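Chemist: File name final.cif; file contents mmCIF, C-alpha atoms and all ligand atoms; full text below.
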```cif
data_data
#
loop_
_atom_site.group_PDB
_atom_site.id
_atom_site.type_symbol
_atom_site.label_atom_id
_atom_site.label_comp_id
_atom_site.auth_asym_id
_atom_site.auth_seq_id
_atom_site.Cartn_x
_atom_site.Cartn_y
_atom_site.Cartn_z
ATOM 1 C CA MET A 1279 -28.457 -33.752 10.577
ATOM 2 C CA HIS A 1280 -30.251 -35.784 13.240
ATOM 3 C CA PHE A 1281 -32.656 -34.226 15.675
ATOM 4 C CA ARG A 1282 -31.655 -35.831 18.950
ATOM 5 C CA THR A 1283 -29.584 -32.703 19.389
ATOM 6 C CA HIS A 1284 -31.437 -29.863 21.073
ATOM 7 C CA PRO A 1285 -33.117 -27.869 18.239
ATOM 8 C CA ALA A 1286 -31.412 -24.609 19.251
ATOM 9 C CA ALA A 1287 -27.999 -26.298 19.099
ATOM 10 C CA ALA A 1288 -28.804 -27.695 15.657
ATOM 11 C CA ILE A 1289 -29.710 -24.215 14.436
ATOM 12 C CA ALA A 1290 -26.484 -22.838 15.902
ATOM 13 C CA VAL A 1291 -24.450 -25.472 14.012
ATOM 14 C CA LEU A 1292 -26.291 -24.614 10.808
ATOM 15 C CA ALA A 1293 -25.663 -20.894 11.318
ATOM 16 C CA VAL A 1294 -21.930 -21.503 11.775
ATOM 17 C CA SER A 1295 -21.674 -23.583 8.596
ATOM 18 C CA VAL A 1296 -23.546 -20.981 6.504
ATOM 19 C CA CYS A 1297 -21.270 -18.304 7.935
ATOM 20 C CA ALA A 1298 -18.164 -20.292 6.963
ATOM 21 C CA ALA A 1299 -19.385 -20.530 3.376
ATOM 22 C CA LEU A 1300 -20.041 -16.802 3.233
ATOM 23 C CA THR A 1301 -16.881 -15.482 4.786
ATOM 24 C CA GLY A 1302 -14.255 -17.820 3.413
ATOM 25 C CA SER A 1303 -11.085 -18.723 5.200
ATOM 26 C CA ALA A 1304 -10.800 -15.648 7.376
ATOM 27 C CA GLN A 1305 -13.036 -12.842 8.535
ATOM 28 C CA ASP A 1306 -10.842 -10.192 6.895
ATOM 29 C CA ARG A 1307 -11.007 -11.871 3.483
ATOM 30 C CA PRO A 1308 -14.658 -11.930 2.510
ATOM 31 C CA GLY A 1309 -15.757 -14.304 -0.189
ATOM 32 C CA TYR A 1310 -17.340 -17.653 -0.880
ATOM 33 C CA THR A 1311 -15.890 -21.126 -0.668
ATOM 34 C CA ASP A 1312 -18.981 -22.990 -1.858
ATOM 35 C CA THR A 1313 -18.971 -21.619 -5.405
ATOM 36 C CA PRO A 1314 -17.951 -23.338 -8.666
ATOM 37 C CA LYS A 1315 -14.562 -22.834 -10.299
ATOM 38 C CA ILE A 1316 -14.491 -20.088 -12.907
ATOM 39 C CA PRO A 1317 -14.181 -21.854 -16.292
ATOM 40 C CA GLY A 1318 -10.562 -21.767 -17.469
ATOM 41 C CA GLN A 1319 -9.222 -20.419 -14.167
ATOM 42 C CA GLU A 1320 -7.880 -21.967 -10.989
ATOM 43 C CA TRP A 1321 -10.096 -19.787 -8.774
ATOM 44 C CA ARG A 1322 -13.612 -20.144 -7.551
ATOM 45 C CA VAL A 1323 -16.261 -17.519 -8.241
ATOM 46 C CA HIS A 1324 -15.780 -14.851 -5.515
ATOM 47 C CA ASP A 1325 -12.758 -16.739 -4.162
ATOM 48 C CA PRO A 1326 -11.582 -15.168 -0.878
ATOM 49 C CA ASP A 1327 -8.064 -16.572 -1.407
ATOM 50 C CA ARG A 1328 -7.495 -15.043 -4.838
ATOM 51 C CA PRO A 1329 -4.593 -12.528 -4.680
ATOM 52 C CA TYR A 1330 -5.643 -8.968 -3.997
ATOM 53 C CA PRO A 1331 -4.717 -6.668 -6.905
ATOM 54 C CA ASN A 1332 -1.783 -4.356 -6.207
ATOM 55 C CA LEU A 1333 -2.587 -0.777 -5.295
ATOM 56 C CA VAL A 1334 -1.859 1.961 -7.821
ATOM 57 C CA LYS A 1335 -2.408 5.573 -6.874
ATOM 58 C CA PRO A 1336 -3.915 7.155 -9.975
ATOM 59 C CA GLY A 1337 -2.910 10.585 -11.220
ATOM 60 C CA ALA A 1338 -4.836 13.561 -9.902
ATOM 61 C CA THR A 1339 -6.990 13.693 -13.046
ATOM 62 C CA PHE A 1340 -7.344 11.725 -16.247
ATOM 63 C CA SER A 1341 -10.573 12.031 -18.232
ATOM 64 C CA ASP A 1342 -12.417 13.785 -15.416
ATOM 65 C CA LEU A 1343 -15.129 16.027 -16.874
ATOM 66 C CA ALA A 1344 -13.884 15.164 -20.393
ATOM 67 C CA PRO A 1345 -16.123 16.931 -22.930
ATOM 68 C CA PRO A 1346 -17.752 14.506 -25.395
ATOM 69 C CA PRO A 1347 -16.145 14.139 -28.860
ATOM 70 C CA SER A 1348 -18.198 15.301 -31.840
ATOM 71 C CA ASP A 1349 -19.524 11.819 -32.715
ATOM 72 C CA ALA A 1350 -20.540 10.931 -29.159
ATOM 73 C CA LEU A 1351 -24.070 10.419 -27.896
ATOM 74 C CA VAL A 1352 -24.423 12.073 -24.508
ATOM 75 C CA LEU A 1353 -26.373 9.798 -22.166
ATOM 76 C CA PHE A 1354 -26.186 12.072 -19.148
ATOM 77 C CA ASP A 1355 -25.092 15.703 -19.048
ATOM 78 C CA GLY A 1356 -26.034 16.348 -15.453
ATOM 79 C CA THR A 1357 -29.454 17.830 -16.091
ATOM 80 C CA ASN A 1358 -32.002 15.111 -16.885
ATOM 81 C CA LEU A 1359 -32.801 11.407 -17.155
ATOM 82 C CA ASP A 1360 -34.410 11.684 -20.609
ATOM 83 C CA ARG A 1361 -32.339 8.826 -22.014
ATOM 84 C CA TRP A 1362 -32.849 6.569 -18.993
ATOM 85 C CA ASP A 1363 -35.667 4.234 -18.010
ATOM 86 C CA GLY A 1364 -36.303 2.456 -14.762
ATOM 87 C CA GLY A 1365 -35.618 4.320 -11.555
ATOM 88 C CA ASP A 1366 -36.381 7.871 -10.597
ATOM 89 C CA TRP A 1367 -32.963 8.948 -9.464
ATOM 90 C CA LEU A 1368 -32.119 12.179 -7.708
ATOM 91 C CA ILE A 1369 -30.510 14.869 -9.875
ATOM 92 C CA ARG A 1370 -28.576 17.597 -8.140
ATOM 93 C CA ASP A 1371 -25.636 19.878 -8.962
ATOM 94 C CA GLY A 1372 -24.810 18.148 -12.228
ATOM 95 C CA TYR A 1373 -24.900 14.570 -11.004
ATOM 96 C CA MET A 1374 -27.457 11.835 -10.462
ATOM 97 C CA GLU A 1375 -27.640 9.594 -7.440
ATOM 98 C CA VAL A 1376 -29.023 6.085 -6.983
ATOM 99 C CA THR A 1377 -32.344 6.216 -5.176
ATOM 100 C CA LYS A 1378 -34.626 3.354 -6.090
ATOM 101 C CA GLY A 1379 -34.322 0.921 -8.983
ATOM 102 C CA SER A 1380 -31.620 0.318 -11.556
ATOM 103 C CA ILE A 1381 -31.800 2.513 -14.659
ATOM 104 C CA SER A 1382 -31.075 1.670 -18.271
ATOM 105 C CA ALA A 1383 -30.356 3.425 -21.553
ATOM 106 C CA GLU A 1384 -30.255 2.357 -25.189
ATOM 107 C CA VAL A 1385 -26.953 2.559 -27.056
ATOM 108 C CA PRO A 1386 -27.395 2.737 -30.834
ATOM 109 C CA TRP A 1387 -24.224 0.768 -31.574
ATOM 110 C CA GLU A 1388 -23.248 -2.841 -30.977
ATOM 111 C CA ASP A 1389 -19.614 -2.017 -30.229
ATOM 112 C CA PHE A 1390 -18.738 1.203 -28.496
ATOM 113 C CA GLN A 1391 -16.548 3.290 -26.229
ATOM 114 C CA ILE A 1392 -18.165 4.703 -23.101
ATOM 115 C CA HIS A 1393 -17.026 7.346 -20.639
ATOM 116 C CA ILE A 1394 -18.645 7.429 -17.216
ATOM 117 C CA GLU A 1395 -17.830 9.082 -13.892
ATOM 118 C CA TRP A 1396 -18.952 7.890 -10.479
ATOM 119 C CA ALA A 1397 -18.421 8.558 -6.804
ATOM 120 C CA THR A 1398 -19.206 6.319 -3.858
ATOM 121 C CA PRO A 1399 -20.585 7.956 -0.686
ATOM 122 C CA ALA A 1400 -18.128 10.190 1.192
ATOM 123 C CA ILE A 1401 -19.563 8.975 4.471
ATOM 124 C CA VAL A 1402 -18.478 5.366 4.642
ATOM 125 C CA LYS A 1403 -21.104 2.852 5.699
ATOM 126 C CA GLY A 1404 -20.931 -0.921 5.478
ATOM 127 C CA ASP A 1405 -18.084 -3.030 4.214
ATOM 128 C CA SER A 1406 -17.139 -5.448 1.453
ATOM 129 C CA GLN A 1407 -19.968 -5.593 -1.123
ATOM 130 C CA GLY A 1408 -22.163 -3.338 1.028
ATOM 131 C CA ARG A 1409 -20.015 -0.247 0.566
ATOM 132 C CA GLY A 1410 -20.733 2.014 -2.399
ATOM 133 C CA ASN A 1411 -21.935 -0.874 -4.555
ATOM 134 C CA SER A 1412 -23.372 -0.100 -7.978
ATOM 135 C CA GLY A 1413 -22.308 -1.281 -11.394
ATOM 136 C CA LEU A 1414 -22.095 -0.525 -15.073
ATOM 137 C CA PHE A 1415 -23.901 -3.292 -16.922
ATOM 138 C CA LEU A 1416 -22.827 -3.536 -20.545
ATOM 139 C CA PRO A 1417 -25.396 -4.932 -23.008
ATOM 140 C CA GLY A 1418 -26.426 -8.483 -22.175
ATOM 141 C CA ARG A 1419 -25.813 -7.843 -18.462
ATOM 142 C CA HIS A 1420 -22.033 -7.935 -18.336
ATOM 143 C CA GLU A 1421 -21.103 -6.009 -15.186
ATOM 144 C CA ILE A 1422 -18.111 -3.825 -14.564
ATOM 145 C CA GLN A 1423 -18.320 -3.508 -10.818
ATOM 146 C CA ILE A 1424 -18.605 -0.135 -9.123
ATOM 147 C CA LEU A 1425 -17.666 -0.275 -5.448
ATOM 148 C CA ASP A 1426 -15.799 1.684 -2.814
ATOM 149 C CA SER A 1427 -12.598 -0.361 -3.030
ATOM 150 C CA TYR A 1428 -10.462 2.098 -1.071
ATOM 151 C CA GLU A 1429 -9.224 0.135 1.943
ATOM 152 C CA ASN A 1430 -12.288 -2.079 1.718
ATOM 153 C CA PRO A 1431 -11.404 -5.772 1.402
ATOM 154 C CA THR A 1432 -13.772 -7.898 -0.629
ATOM 155 C CA TYR A 1433 -13.347 -10.842 -2.950
ATOM 156 C CA PRO A 1434 -11.106 -9.660 -5.818
ATOM 157 C CA ASP A 1435 -13.521 -10.601 -8.602
ATOM 158 C CA GLY A 1436 -16.060 -8.299 -6.948
ATOM 159 C CA GLN A 1437 -13.996 -5.190 -6.273
ATOM 160 C CA ALA A 1438 -14.173 -1.922 -8.217
ATOM 161 C CA GLY A 1439 -13.432 -2.519 -11.875
ATOM 162 C CA ALA A 1440 -13.903 -6.287 -11.684
ATOM 163 C CA MET A 1441 -15.628 -8.149 -14.490
ATOM 164 C CA TYR A 1442 -17.869 -9.306 -11.700
ATOM 165 C CA GLY A 1443 -17.427 -12.949 -10.747
ATOM 166 C CA GLN A 1444 -14.976 -13.549 -13.599
ATOM 167 C CA TRP A 1445 -11.861 -11.349 -13.526
ATOM 168 C CA PRO A 1446 -10.545 -9.006 -10.839
ATOM 169 C CA PRO A 1447 -9.020 -5.752 -12.051
ATOM 170 C CA ARG A 1448 -5.310 -6.118 -12.825
ATOM 171 C CA VAL A 1449 -4.646 -3.434 -10.185
ATOM 172 C CA ASN A 1450 -6.647 -1.420 -7.683
ATOM 173 C CA ALA A 1451 -6.631 2.198 -8.888
ATOM 174 C CA SER A 1452 -9.395 3.405 -6.581
ATOM 175 C CA ARG A 1453 -9.689 6.923 -5.282
ATOM 176 C CA PRO A 1454 -11.000 7.521 -1.751
ATOM 177 C CA PRO A 1455 -14.728 7.464 -0.994
ATOM 178 C CA GLY A 1456 -16.569 10.586 -2.135
ATOM 179 C CA LYS A 1457 -14.013 11.396 -4.858
ATOM 180 C CA TRP A 1458 -15.076 11.341 -8.498
ATOM 181 C CA GLN A 1459 -13.608 8.457 -10.499
ATOM 182 C CA THR A 1460 -13.588 7.715 -14.221
ATOM 183 C CA TYR A 1461 -14.171 4.612 -16.286
ATOM 184 C CA ASP A 1462 -13.258 4.648 -19.946
ATOM 185 C CA VAL A 1463 -14.512 1.376 -21.371
ATOM 186 C CA ILE A 1464 -14.386 -0.231 -24.807
ATOM 187 C CA TRP A 1465 -17.028 -2.888 -25.402
ATOM 188 C CA GLU A 1466 -17.078 -5.398 -28.240
ATOM 189 C CA ALA A 1467 -20.357 -7.293 -28.117
ATOM 190 C CA PRO A 1468 -20.486 -11.079 -28.446
ATOM 191 C CA LYS A 1469 -21.171 -12.233 -32.005
ATOM 192 C CA TRP A 1470 -23.226 -15.131 -33.372
ATOM 193 C CA ASP A 1471 -23.392 -16.640 -36.833
ATOM 194 C CA ASP A 1472 -26.633 -17.004 -38.784
ATOM 195 C CA ASN A 1473 -27.290 -20.364 -37.126
ATOM 196 C CA GLY A 1474 -27.086 -18.843 -33.680
ATOM 197 C CA LYS A 1475 -23.651 -20.290 -32.915
ATOM 198 C CA LEU A 1476 -21.434 -18.060 -30.786
ATOM 199 C CA ILE A 1477 -18.427 -17.008 -32.849
ATOM 200 C CA SER A 1478 -16.957 -14.405 -30.499
ATOM 201 C CA PRO A 1479 -17.442 -13.655 -26.806
ATOM 202 C CA GLY A 1480 -17.912 -10.128 -25.515
ATOM 203 C CA TYR A 1481 -14.613 -8.317 -24.928
ATOM 204 C CA VAL A 1482 -13.938 -5.406 -22.665
ATOM 205 C CA THR A 1483 -11.112 -2.932 -22.139
ATOM 206 C CA VAL A 1484 -11.313 -0.763 -19.015
ATOM 207 C CA LEU A 1485 -9.316 2.231 -17.829
ATOM 208 C CA HIS A 1486 -10.045 3.275 -14.234
ATOM 209 C CA ASN A 1487 -8.820 6.767 -13.439
ATOM 210 C CA GLY A 1488 -6.506 6.352 -16.431
ATOM 211 C CA VAL A 1489 -5.105 3.012 -15.251
ATOM 212 C CA LEU A 1490 -5.607 -0.133 -17.332
ATOM 213 C CA LEU A 1491 -7.674 -2.814 -15.565
ATOM 214 C CA HIS A 1492 -8.614 -5.086 -18.496
ATOM 215 C CA HIS A 1493 -7.184 -5.263 -22.002
ATOM 216 C CA ARG A 1494 -9.671 -6.799 -24.440
ATOM 217 C CA GLN A 1495 -10.568 -9.429 -21.865
ATOM 218 C CA ALA A 1496 -13.339 -11.899 -22.741
ATOM 219 C CA TYR A 1497 -16.417 -12.425 -20.611
ATOM 220 C CA ASN A 1498 -17.418 -16.054 -20.072
ATOM 221 C CA GLY A 1499 -21.029 -14.921 -20.379
ATOM 222 C CA PRO A 1500 -23.410 -12.550 -18.618
ATOM 223 C CA THR A 1501 -22.701 -11.680 -15.004
ATOM 224 C CA GLY A 1502 -23.914 -14.022 -12.303
ATOM 225 C CA HIS A 1503 -23.631 -14.023 -8.532
ATOM 226 C CA ARG A 1504 -22.039 -17.090 -6.905
ATOM 227 C CA SER A 1505 -22.402 -18.967 -10.169
ATOM 228 C CA ALA A 1506 -20.454 -19.790 -13.321
ATOM 229 C CA THR A 1507 -21.855 -18.481 -16.585
ATOM 230 C CA ASP A 1508 -21.898 -19.001 -20.336
ATOM 231 C CA TYR A 1509 -23.599 -17.485 -23.377
ATOM 232 C CA SER A 1510 -26.446 -19.986 -23.647
ATOM 233 C CA ARG A 1511 -29.113 -17.555 -22.499
ATOM 234 C CA VAL A 1512 -27.705 -14.102 -23.128
ATOM 235 C CA ASN A 1513 -30.017 -11.197 -23.812
ATOM 236 C CA ARG A 1514 -28.960 -9.559 -27.095
ATOM 237 C CA SER A 1515 -30.180 -6.055 -26.323
ATOM 238 C CA ARG A 1516 -28.218 -2.856 -26.780
ATOM 239 C CA THR A 1517 -29.192 -1.670 -23.322
ATOM 240 C CA ILE A 1518 -26.716 -0.590 -20.683
ATOM 241 C CA SER A 1519 -27.728 -0.126 -17.078
ATOM 242 C CA LEU A 1520 -26.562 1.358 -13.812
ATOM 243 C CA GLN A 1521 -27.224 -0.747 -10.750
ATOM 244 C CA ASP A 1522 -29.208 0.059 -7.642
ATOM 245 C CA HIS A 1523 -27.494 -2.043 -4.981
ATOM 246 C CA GLY A 1524 -28.889 -0.053 -2.084
ATOM 247 C CA ASN A 1525 -26.050 2.482 -1.821
ATOM 248 C CA PRO A 1526 -26.351 6.166 -2.880
ATOM 249 C CA THR A 1527 -23.606 6.158 -5.504
ATOM 250 C CA LYS A 1528 -23.395 9.191 -7.796
ATOM 251 C CA PHE A 1529 -22.851 9.467 -11.558
ATOM 252 C CA ARG A 1530 -22.012 12.268 -13.956
ATOM 253 C CA ASN A 1531 -20.751 12.936 -17.507
ATOM 254 C CA ILE A 1532 -21.765 9.783 -19.382
ATOM 255 C CA TRP A 1533 -21.219 9.603 -23.124
ATOM 256 C CA VAL A 1534 -20.777 6.889 -25.692
ATOM 257 C CA ARG A 1535 -19.368 6.727 -29.224
ATOM 258 C CA PRO A 1536 -19.169 3.973 -31.839
ATOM 259 C CA LEU A 1537 -16.132 1.816 -32.564
ATOM 260 C CA ASP A 1538 -15.251 2.565 -36.139
ATOM 261 C CA ALA A 1539 -13.687 0.006 -38.445
ATOM 262 C CA TYR A 1540 -10.397 0.748 -40.214
ATOM 263 C CA ASP A 1541 -10.467 1.983 -43.803
ATOM 264 C CA LYS A 1542 -14.181 2.406 -44.082
HETATM 265 MG MG MG B 1 -22.480 -4.093 -8.391
#
```
Could you express the structure from this file as structure tokens?

Modeler:
Amino acid sequence: MHFRTHPAAAIAVLAVSVCAALTGSAQDRPGYTDTPKIPGQEWRVHDPDRPYPNLVKPGATFSDLAPPPSDALVLFDGTNLDRWDGGDWLIRDGYMEVTKGSISAEVPWEDFQIHIEWATPAIVKGDSQGRGNSGLFLPGRHEIQILDSYENPTYPDGQAGAMYGQWPPRVNASRPPGKWQTYDVIWEAPKWDDNGKLISPGYVTVLHNGVLLHHRQAYNGPTGHRSATDYSRVNRSRTISLQDHGNPTKFRNIWVRPLDAYDK
């Protein structure tokens, strides 16, 4: 850019070009057009032109308030944050609410099934990624997005239930803002051989309000924002976390149980 133009005009041109990159092809389809292609897919990361998942109205209840099975570890029963580190979230009436800082908990198993319930704020504020944003981060920072995706357009690989930045949910099974929603997730951690060579990616299966969003789908690597990813620098912890993205999303009834092998 040359500077014979009036400086204010130059700044205005710059502002317009940044805006175009952020909002994609149209104002009502948020997303990014300056991002890399997702490896193995025809779409860009956070592509505004990716098809929006079809709407499915979930049944009135599915695993809502499901009591934990006998072999489950309860991570949150509505009363305390004993198993969680990080933030100091509000606890009230059997739920916890994002206040400040993401929180994390140890899971004793590499591969597991997790049940979690969440609700985005009943009073709608913001739009796209600014509306009820949180997230369930599986070990190694693989995010299943939590968002108010009820009549809230955003890029499909960032809506509720997305494997953020990698795969949109197959359908949009969101309940309205303020309503409790369930995720039942099966996580198979990535595996390495003794030489540190990746022999299996992480796989996830997700039911949202009883509706299948992902069926043993592979992550390309840990979650990134506006970037492609791989497994070159993954953290091999057994820590899950719940994201503080600046919105007071609520959580309740979180439990986890191991994936058992056959015939053992
Ligand atoms: Mg999030």

Chemist: Given a cut-off of 7 Å, what residues near ligand MG 1 (chain B) show up using all atoms listed in the file, put as number ranges by chain?

Modeler: A: 1411-1413, 1423-1425, 1521, 1523

Chemist: Using the chain letters and numbering of this document, enumerate as a PyMOL selection string the residues selected by the PyMOL selection byres (((chain A and resi 1393) around 8) and not hetatm).

Modeler: chain A and resi 1391-1392+1394-1395+1460-1463+1531-1534

Chemist: For the provided coordinates, the residues matched by the PyMOL selection byres (((chain A and resi 1386) around 12) and not hetatm) should be stated as a ChimeraX atom specification.

Modeler: /A:1350-1353,1361,1383-1385,1387-1391,1417,1515-1518,1534-1537

Chemist: Evaluated on this file, the PyMOL selection byres (((chain A and resi 1446) around 9) and not hetatm) picks out some residues - which ones are they, written as an MDAnalysis selection string?

Modeler: chainID A and resid 1330:1331 1433:1445 1447:1449 1491:1492

Chemist: What's the 10 Å shell around Gly1524 in chain A, counting all atoms listed in the file, without same-chain residues fewer than 3 positions away, as a list in words?

Modeler: Val1376, Thr1377, Lys1378, Gly1379, Ser1380, Gly1408, Arg1409, Gly1410, Asn1411, Ser1412, Gln1521 and Thr1527 of chain A

Chemist: Write out as a list in words which residues come within 8 Å of range 1452-1457 of chain A when counting only C-alpha atoms, dropping same-chain ones fewer than 5 positions away.

Modeler: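 Contacts, in chain order: Val1334, Lys1335, Pro1336, Ala1397, Thr1398, Pro1399, Ala1400, Ile1401, Val1402, Asp1426, Ser1427, Tyr1428, Ala1438, His1486 and Asn1487 of chain A.
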
Chemist: Between A:Pro1347, A:Pro1431, A:Gly1337, A:Gly1356, which is the closest to Gln1459 in chain A once you count only C-alpha atoms?

Modeler: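 Using only C-alpha atoms, the shortest distance to Gln1459 in chain A belongs to A:Gly1337.
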
Chemist: CA of Ala1496 in chain A and CA of Pro1479 in chain A are how many Å apart?

Modeler: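 Atom-to-atom, CA of Ala1496 in chain A to CA of Pro1479 in chain A, that is 6.0 Å.
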
Chemist: If we count only C-alpha atoms and set the cut-off at 6 Å, which residues sit around Lys1528 in chain A, ignoring sequence neighbours fewer than 5 positions away in its own chain? Please answer as a list in words.

Modeler: Met1374, Glu1375, Trp1396 and Ala1397 of chain A

Chemist: Have a look at A:Lys1475, A:Lys1542, A:Arg1322, A:Arg1419 and name the one nearest to Ser1519 in chain A; count all atoms listed in the file.

Modeler: A:Arg1419

Chemist: What is the CA of Phe1354 in chain A-CA of Gly1372 in chain A distance in Å, reported with one decimal?

Modeler: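 These atoms are spaced 9.3 Å apart.
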
Chemist: Find the distance between CA of Arg1530 in chain A and CA of Leu1343 in chain A and write it in Å to one decimal.

Modeler: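 Between CA of Arg1530 in chain A and CA of Leu1343 in chain A the gap works out to 8.4 Å.
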
Chemist: For each of A:Asn1450, A:Gly1474, A:Asp1325, A:Asp1371, take the minimum atom-to-atom distance to Leu1490 in chain A, counting all atoms listed in the file, then give the residue where this is smallest.

Modeler: A:Asn1450

Chemist: Put the listed atoms of range 1318-1326 of chain A in a box along x, y and z with 8 Å added on every side and give me the centre and edge lengths in Å to one decimal, as AutoDock Vina command-line options.

Modeler:
```
--center_x -12.1 --center_y -18.4 --center_z -9.2 --size_x 24.4 --size_y 23.1 --size_z 32.6
```

Chemist: Could you tell me which of A:Pro1346, A:Gly1488, A:Gly1502, A:Gly1480 comes closest to His1324 in chain A if we count only C-alpha atoms?

Modeler: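 Using only C-alpha atoms, the shortest distance to His1324 in chain A belongs to A:Gly1502.
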